[in-house]
Every structure is written in structure tokens, then in C-alpha cells.
Amino acid sequence: MGSRRLCCCWKSRHKNPTVAATTTISGPPGLAGRRGSRTFGGGGGGRGVLAGLLLWTCLVGCGAIGTKTVVQLEAEFDVLYNDTVTSDNQTIYAFNHTVSRNKTEGVRVYVDVLSQVLESPILFVVRQKQAVLSFQVPLILRGLYQRKYPYAHVARTLCQPPSHALSETQFFYIDVSTLSTLGMSYQLRVSRVDLFTLRTDTKFSFTASPSQPQYFKYVFPDGVDTVIVKVSSEMAFPCSVMSIQDIQCPVYDLDNNVAFIGMYQTMTKKGAITVQRKDFPLNSFYVVVVVKTEDEACGGPLRFYPLIPDELIDPGNRTKEVDVIVYPAIGSEVYVMGMLFCLGIFLSFYLITFMVACLEKKTSHREILVNPTDMSPAETASLLGGKTPASPYEYGSFADNGSILSSEAVTDSATSTDNNYGYMERSLESVGRSRQESLSSVEEDDYDTLADIDSDKNIVRTKKFLCVADLARKDKRILSKKYQIYFWNIATIAVFYALPVVQLVITYQTVVNVTGNQDICYYNFFCAHPLGALSAFNNILSNLGYVLLGLLFLLIVLKRDIVHNRALVRNDLDALECGIPKHFGLFYAMGTALMMEGLLSACYHVCPNYTNFQFDTSFMYMIAGLCMLKLYQKRHPDINASAYTAYACLAGVIFFSVLGVVFGRGNTPFWIVFSVIHIVATLLLSIQLYYMGRWRMDSGVMRRIVYVMYTDCIRQCSGPMYVDRAVLLVMGNIVNWSLCAYGLIERPSDFASYLLAIAICNLLLYFAFYIIMKLRSGERIQCLALVLILFTAVVWGLALFFFFQGLSTWQKTPAESREHNRDCILLSFFDDHDIWHFLSSIAMFGSFLVLLTMDDDLDQVQRDKIYAF
């Protein structure tokens, strides 16, 4: 018919399922002979010949070459069919089964190839009502570097499209064909899977392999909106993948396509995925378990073979026994209880602080009424006569001055009657007048306002026994301005650091939700409660304590700052000349750092992984550094590091943290370089602290070191001039050299935590030294500070216990990390790591209060009687 080509369609309808229809074509329609041993069933010969004529016409019209035998059989479930297929014949197995809307049954196809011709495998095509499934046997699955693994035994579960009728009969056909001219033997069996629907809180066990994946259906019960699907196995390997997919065809259940749709994660022994009803419109989903062809994705050994093109590798036995159980997740009331619990814990600290402040104000007011000798006549008349105070400071400042959270004395150009220290005599009037001058008129070049500061500070700082007055000689206004820079710098750093962090973690969470790849984030999947787009809301909520307690600490420091400023305005002698000099800039910076630690830890827990772990630790380094600076500043306000120097050093620490995370794992040259830098930095800092900054780093430094070693150690054996400082520095060097040796020998994979451990060890060492020296100097620790120290120590101990539980770790593969996952332990909402967040935030808050109140016993002591150590 011209350019037209005749197209044909052969269709067989079976009104009687017991009748087998066979179409055989072996030559022109005029020939009556038939090939093969199969014949048409009763009464069907005429229709069969007619169908054969039509098929032959189609083949000839379409340019078919040679002969082809197409045989269709009525097949039954649970019957083993042994047959042979060649390029000359094709077999179609026709099945039918009844599908009920109220009952779901699975259908599984088992195929074994008895004779293999790898160049021309057998192709199986399953045609269903709404889907087509095809696979070849031997099944070739690819691994890393395109390695090929053949599987001669294949089992696949057929997709079950939903039925809208109460009951209907559905047909499906299995076509078997090959291009091999040799006869290939195979076995085919189709079975029903009666236990195809998973039940809530009921364990279901099965086996799977790369060529025999398994999947089962779960339907949400009424009243259940969220469930947790937990898959477990006694066998760590072979590596497997669990996937949650919608009820639709096809179902992706092979290693090379399981990641195409739905949510999935790799698994060794444990896996868990939280599933919400709102994500599945049919109120049901498939749980798919696929065994991978190789174990490298789960941290297993990588098999090395010579990379010969098209070489087939024996996969070995990769069968895995798996258990699946579906639990109902928590309801909305548990979310509410968790949030109320979290808020209640930390708001209670606000209540306690408010009650203590009220009590102290009442006590101070009573003391003033009993002993008004230190008050001015106007203030006395105001209190006793009931008149309104002439100044807003006259009443409130006295009421606040006796608080147990009283402030430290300001760093002043201290006056003293001890002429040996070279102090200049100044009148109280001049001191008060200088305090009231505007800070904006003070320049940083005016640090040393005393005329003799440059001429005698070298002599003063080399005295054998130093007092705080010796190191508090600079103008208080300049130092106050200098230390306020700590706060403004860290606030600026926080803004520029936090904004890209928030943007990045939002992107991470979006990628997880869109791709469904739950290997991106290292959650505790057994206790990860989603809320909206957040996958682990409980881990984010538990960081609220850092923010709330950091804000509370800022309020306490602000109160002390106000009280102290009022005392200075009144020219209070205790504030001007007594106690540890009070500078609040570092305290403000510490409170801000604590709040930022909470914010960045919450950002990290949006999607915790290897690439963003730095978010969780950066401000921990800042907090440790600021605490050490504050301890040193208490007794050495004149020579403490500037904000620029301190933050530059902390930036260097964070820089090495990033390098260690990226390059430090098993990298010997990196560890050698880091250890050298660590030791050199420790020695330089030791020299700086021992000589109180009175040394120079120049070309003659080595010559001076050799001279000191010769005169003090060889020529004569003399002990250190500053014994206390020497003891501290020797202990510090021992600790740091030991940590350095540990790093070189063990080379821990978690470099960030190793670096943080160095900072914390040095902080604890210095804090212990400070307490010991305080007690040795005859000073005492007030009741409030002692209670805070004991309380903080206990809380730190409990916090570290929960921290080392290790519910996940980004140092391993996601599958290995999930082996550490555990269930919630608090209110069915919080896990061990959440409790670490609670306790560590409280412990940090307590540590800050210890630093704030530890030297309150010195508020009435002259500075020339307070030792500097």
C-alpha cells in the first residue's frame, strides 16, 4: 500500500481460564504443519490459525526475518515451570488473581537460570495493569569503578496498584525471551505473599539480597499521623539500603535505582526513618529493603580486583536477615510537654535570680537603716524622713550595693600610701572628677596617665611579690573602653558568622527534604522528632538553654555594672580603691558567646554532618579563651591582651580546627606541623606570663635565653624567682606536651574535639591554680561562690557523662553512625544528647557566675594588700 506499512496487534482474551491458547508460526499460512509439542486447546484451533495468519502477516509486513514461535500459557501460582528459551521461541505466562480493596496481597516472581550465556541473557518482562517490570537473568549489578556482579537467582515483588472496586480480577503476563541461539534453561515460579502488609508494633522478619530485594506495605491506622519505621539486623554486612516510597508503580527496588524516589538511608545493623501521613496522599507507603552489591558505602572493606573491561566478579553470598517494626510516633501533646519542660527549666533560673535580687535588696536596705554612718545627710534625711531622694542614685544605688551579686571594683589609677610601689598621691576629689569626665574624650594613646608609668613599670612588674595595685595603674576609663571592645567585636563576629550559617543549614535541610537522602545528616534517627521542615526538632529545642541563660547572665552583669557606676558617681572609696578592679567588657563578651553557642549549635543540629561540625565548636573555643582571659584579667588588668590580639589568636585556633577536620585524619605531616606549632606557642606564652610581658622577641632573644640558662642552671643552681608562676607554667607545659604526644601517637579522627580538649584542659588547670593561690594568699571564698563551684562541678560531671554516650558520629559512615542511635530517654522526646545540651548550658552559666562572684570577698580589701598571681 505505497509507503504504508501494515501494523498488527495480537491480543488474547480468556473467558475460560482453564483453556490454554498457543499460537505457532513456522512458515507461510498455507502450511498446516506446526512446530513444537504444544497444541491448541479444545475448540480453539480455528481461532488459533486465524491469529497465526494475522501474526504472520504482521511479521512479514514489518520486515521480520526468520521464524518466531510465540507460546502463551495459562499459568498458576506456586507452580514451578521448567522450560527452555531460544531466539526462535518466546513464552508468555498468563496469570490472573483477585484483588480486594480491603485486603492487600503481594505477588512475587522467582527466576533461576540453569544454563548461562552471559552475552545473551534471558529477558523477563512482566506486564501489569498499570506497570511494566523488566529484568534480565543473569542480572548484572554494577559496583564501584563499574565492577560487574552477575546474579543467576532473581526474585522480584510485583507492584500492586490500588483497586477502586470492592473486588476485581486482574491479569498480568510474564514474557520470556532471549537472543541466544542456544537453548537456555530456566525455572519460573510465582507466589502470593500473604503477609504483605506490616502491622503496627509487630516485628516482621525476612531475608534479602542484591538480586532479591523485598518491600512491604504499611497503612496508617486511624488517629496515627506519624510513625517510625525501624529496620534492624544482627549482621553488620552486607551493606543495605532502606527506603520509604509512595504507593505507585514502578517500585524502585534495585541497588542502582533505589535512590530515585522517596526517603532512603544506608544501613548496617540499624536504620530508622520517621514517616508522616501528610507526605503520602494514599495514607500508606512501601518499606523497601535493598542489599547493596558492595559494602564501601557502609564503611566496609573495598574489594580490589584487576580492572579488566567487562570482567564479571563473583558476588559471593550476600544474603541478609532483616527485621522491620513500625512504631507510632509521639503525638502533639508530647511536643507541647517537651517545649514546656524546656522553657520551665530555664525560666526557673530567671525566677531564682529575681528572688535572690529582691532578698538582697531588702537586706541591704535594712543594713542601711541600721548603720547610716556612711550616708550623706541628704540621703539620711531622705530615708528616715520619707522624703523623695534628691538624685535617682541616692536610694537605689545603696539598695543595690549590698547584693550578693555585687560588682568587682573598677580598674583605677590606684592610689596607695605605700611609696615603695611608686604611686602618686591623688586626692579623692580629683579621682571623682576624672570619673565623671566623658569617656569619649579619652583616646587610646592615653593609656598611661601617671607620669612615672613608663619609667618604673619594668621595676614594678619584676618585684618578687606583686599586688593587684601594681598591675592596676592605668586609667580606669581607658581600660573600661579597651575591654568594651571585646563585647562589640564578638557581637560583630556573631552577626557575620551566624547569617551565612543559617543560610547554609536551611539549604542543607531543603536538600534533605527534596532528595530524600537521609545519609546527608547524622541524626539520632531513633529519637528525631520532626516539626515542619525540621527533621530533628528536639535537638534544636534543647539548645534554647544556652540562649536564655546567656541572656540572663548579661542581665546580671548589667545590674552589677549599673551598681558599680552608681558607686563611682558617689565617690565610694570601696569602689575606687578596694577589691579586684571591675571591668565588665569581658563578661558581656562571655554572655554573648554563650548565646551564640546556642544559636550555632541549633544550626548545626538542623543537619549535623562532617562539613558543618565547625559551627558547633567555634564559639566553644571563644568561651574557653574568654574565660582564661577573664581569670588573668582579674589580677593583671593593665597587661591583659587586647580584644584584637585575643580574637586574632582565637581565629588562628579555628583556622587550625578547620584544617584538622579536612586534612588531619591520618595525615602524619599535618600532625607534625601542628605539634610543633603547639609546643612553640606554649613556650612563648609561658615566657610571656612568667616575665609579665617584660621581654622582647628580637634577634637577641636566643642569646639571652642561653645566658639565663648558663647563669641560673650551670654556673649556679638557683630556683625560679617567681615560684608560683613557675609551678603553674611547668604544670601547663607538662599537660600540653602530653596532649601533643597523644595527638602524634593516636592521631584522633575528631580533630575539632581534640583541639577543644586542649583548651578546656588549660582552662581547668588555670582555674585550679587560681583557687589554690587564692586560698594560699589567705583569701576566702564566700558561701555563694562556694555553692556555685560545687553545683557547677556536679553538673559538669553529669553533662560529660551524657556527652560521651555518643549517639551519632560524623567520623564514620552514616550507616555506622546509626549503629549508635538509641531511643529517647526523657519524656519520650529528648535523647542523651539533648540532656547534654541542658546540663552543659547550666554548667556554663554556673561557671560564668563563679568567675563573677569568686572575688566578692575582696570588695573591702585595699588593692595593695591583694596578691597578683
# chains A, B, ... in the order shown; residues from 1 in each chain; ligands from 1
>>> closest_atom_pairs(of="segment 571-646 of chain A", to="segment 811-831 of chain A", cutoff="12 Å", atoms="only C-alpha atoms", output="CSV")
residue,atom,partner,partner_atom,distance
A:Pro608,CA,A:Pro814,CA,11.0
A:Asn609,CA,A:Gln811,CA,8.8
A:Tyr610,CA,A:Gln811,CA,7.1
A:Thr611,CA,A:Gln811,CA,10.8
A:Phe613,CA,A:Gln811,CA,10.4
>>> select_by_dssp(residues="segment 272-351 of chain A", states="strand (DSSP E)", output="list in words")
Ala272, Ile273, Thr274, Val275, Gln276, Ser284, Phe285, Tyr286, Val287, Val288, Val289, Val290, Val291, Lys320, Glu321, Val322, Asp323, Val324, Ile325, Val326, Tyr327 and Pro328 of chain A
>>> atom_distance(atom1="atom CA of Gln503 of chain A", atom2="atom CA of Thr809 of chain A")
23.5 Å
>>> closest_residue(among="A:Met355, A:Val676, A:Ala155, A:Leu179", to="Ser120 of chain A", atoms="only C-alpha atoms")
A:Leu179
>>> closest_residue(among="A:Val606, A:Leu359, A:Ile330, A:Ala759", to="Val227 of chain A", atoms="only C-alpha atoms")
A:Ile330
>>> decode(residues="segment 723-746 of chain A", atoms="N, CA and C atoms", output="PDB file, in the first residue's frame")
ATOM      1  N   VAL A 723      58.127  31.749  92.057  1.00  0.00           N
ATOM      2  CA  VAL A 723      57.899  30.321  92.260  1.00  0.00           C
ATOM      3  C   VAL A 723      56.494  29.922  91.841  1.00  0.00           C
ATOM      4  N   ASP A 724      55.492  30.688  92.261  1.00  0.00           N
ATOM      5  CA  ASP A 724      54.107  30.313  91.964  1.00  0.00           C
ATOM      6  C   ASP A 724      53.856  30.266  90.462  1.00  0.00           C
ATOM      7  N   ARG A 725      54.321  31.317  89.784  1.00  0.00           N
ATOM      8  CA  ARG A 725      54.139  31.344  88.343  1.00  0.00           C
ATOM      9  C   ARG A 725      54.886  30.184  87.685  1.00  0.00           C
ATOM     10  N   ALA A 726      56.066  29.895  88.193  1.00  0.00           N
ATOM     11  CA  ALA A 726      56.858  28.801  87.610  1.00  0.00           C
ATOM     12  C   ALA A 726      56.147  27.463  87.762  1.00  0.00           C
ATOM     13  N   VAL A 727      55.557  27.234  88.925  1.00  0.00           N
ATOM     14  CA  VAL A 727      54.832  25.976  89.144  1.00  0.00           C
ATOM     15  C   VAL A 727      53.683  25.847  88.156  1.00  0.00           C
ATOM     16  N   LEU A 728      52.909  26.929  87.999  1.00  0.00           N
ATOM     17  CA  LEU A 728      51.786  26.893  87.051  1.00  0.00           C
ATOM     18  C   LEU A 728      52.274  26.606  85.639  1.00  0.00           C
ATOM     19  N   LEU A 729      53.317  27.285  85.218  1.00  0.00           N
ATOM     20  CA  LEU A 729      53.778  27.140  83.842  1.00  0.00           C
ATOM     21  C   LEU A 729      54.396  25.768  83.597  1.00  0.00           C
ATOM     22  N   VAL A 730      55.095  25.223  84.601  1.00  0.00           N
ATOM     23  CA  VAL A 730      55.640  23.867  84.445  1.00  0.00           C
ATOM     24  C   VAL A 730      54.505  22.863  84.285  1.00  0.00           C
ATOM     25  N   MET A 731      53.482  22.977  85.121  1.00  0.00           N
ATOM     26  CA  MET A 731      52.340  22.073  85.001  1.00  0.00           C
ATOM     27  C   MET A 731      51.638  22.251  83.656  1.00  0.00           C
ATOM     28  N   GLY A 732      51.490  23.508  83.239  1.00  0.00           N
ATOM     29  CA  GLY A 732      50.863  23.750  81.951  1.00  0.00           C
ATOM     30  C   GLY A 732      51.641  23.148  80.802  1.00  0.00           C
ATOM     31  N   ASN A 733      52.963  23.250  80.850  1.00  0.00           N
ATOM     32  CA  ASN A 733      53.776  22.661  79.789  1.00  0.00           C
ATOM     33  C   ASN A 733      53.702  21.139  79.804  1.00  0.00           C
ATOM     34  N   ILE A 734      53.664  20.553  81.002  1.00  0.00           N
ATOM     35  CA  ILE A 734      53.536  19.086  81.089  1.00  0.00           C
ATOM     36  C   ILE A 734      52.225  18.636  80.445  1.00  0.00           C
ATOM     37  N   VAL A 735      51.134  19.332  80.782  1.00  0.00           N
ATOM     38  CA  VAL A 735      49.826  18.963  80.224  1.00  0.00           C
ATOM     39  C   VAL A 735      49.827  19.121  78.712  1.00  0.00           C
ATOM     40  N   ASN A 736      50.329  20.244  78.220  1.00  0.00           N
ATOM     41  CA  ASN A 736      50.281  20.499  76.780  1.00  0.00           C
ATOM     42  C   ASN A 736      51.225  19.579  76.016  1.00  0.00           C
ATOM     43  N   TRP A 737      52.375  19.287  76.566  1.00  0.00           N
ATOM     44  CA  TRP A 737      53.276  18.353  75.888  1.00  0.00           C
ATOM     45  C   TRP A 737      52.688  16.944  75.873  1.00  0.00           C
ATOM     46  N   SER A 738      51.982  16.586  76.941  1.00  0.00           N
ATOM     47  CA  SER A 738      51.330  15.268  76.966  1.00  0.00           C
ATOM     48  C   SER A 738      50.223  15.186  75.922  1.00  0.00           C
ATOM     49  N   LEU A 739      49.415  16.238  75.833  1.00  0.00           N
ATOM     50  CA  LEU A 739      48.362  16.258  74.806  1.00  0.00           C
ATOM     51  C   LEU A 739      48.960  16.230  73.405  1.00  0.00           C
ATOM     52  N   CYS A 740      50.075  16.901  73.249  1.00  0.00           N
ATOM     53  CA  CYS A 740      50.751  16.906  71.948  1.00  0.00           C
ATOM     54  C   CYS A 740      51.249  15.495  71.596  1.00  0.00           C
ATOM     55  N   ALA A 741      51.832  14.822  72.572  1.00  0.00           N
ATOM     56  CA  ALA A 741      52.306  13.453  72.330  1.00  0.00           C
ATOM     57  C   ALA A 741      51.147  12.520  72.001  1.00  0.00           C
ATOM     58  N   TYR A 742      50.041  12.690  72.717  1.00  0.00           N
ATOM     59  CA  TYR A 742      48.855  11.862  72.426  1.00  0.00           C
ATOM     60  C   TYR A 742      48.377  12.077  70.996  1.00  0.00           C
ATOM     61  N   GLY A 743      48.352  13.347  70.569  1.00  0.00           N
ATOM     62  CA  GLY A 743      47.911  13.628  69.208  1.00  0.00           C
ATOM     63  C   GLY A 743      48.827  13.010  68.168  1.00  0.00           C
ATOM     64  N   LEU A 744      50.134  13.067  68.395  1.00  0.00           N
ATOM     65  CA  LEU A 744      51.078  12.492  67.435  1.00  0.00           C
ATOM     66  C   LEU A 744      50.969  10.967  67.370  1.00  0.00           C
ATOM     67  N   ILE A 745      50.728  10.341  68.515  1.00  0.00           N
ATOM     68  CA  ILE A 745      50.688   8.872  68.553  1.00  0.00           C
ATOM     69  C   ILE A 745      49.339   8.350  68.051  1.00  0.00           C
ATOM     70  N   GLU A 746      48.254   8.891  68.600  1.00  0.00           N
ATOM     71  CA  GLU A 746      46.925   8.366  68.282  1.00  0.00           C
ATOM     72  C   GLU A 746      46.314   8.993  67.030  1.00  0.00           C
TER      73      GLU A 746
END
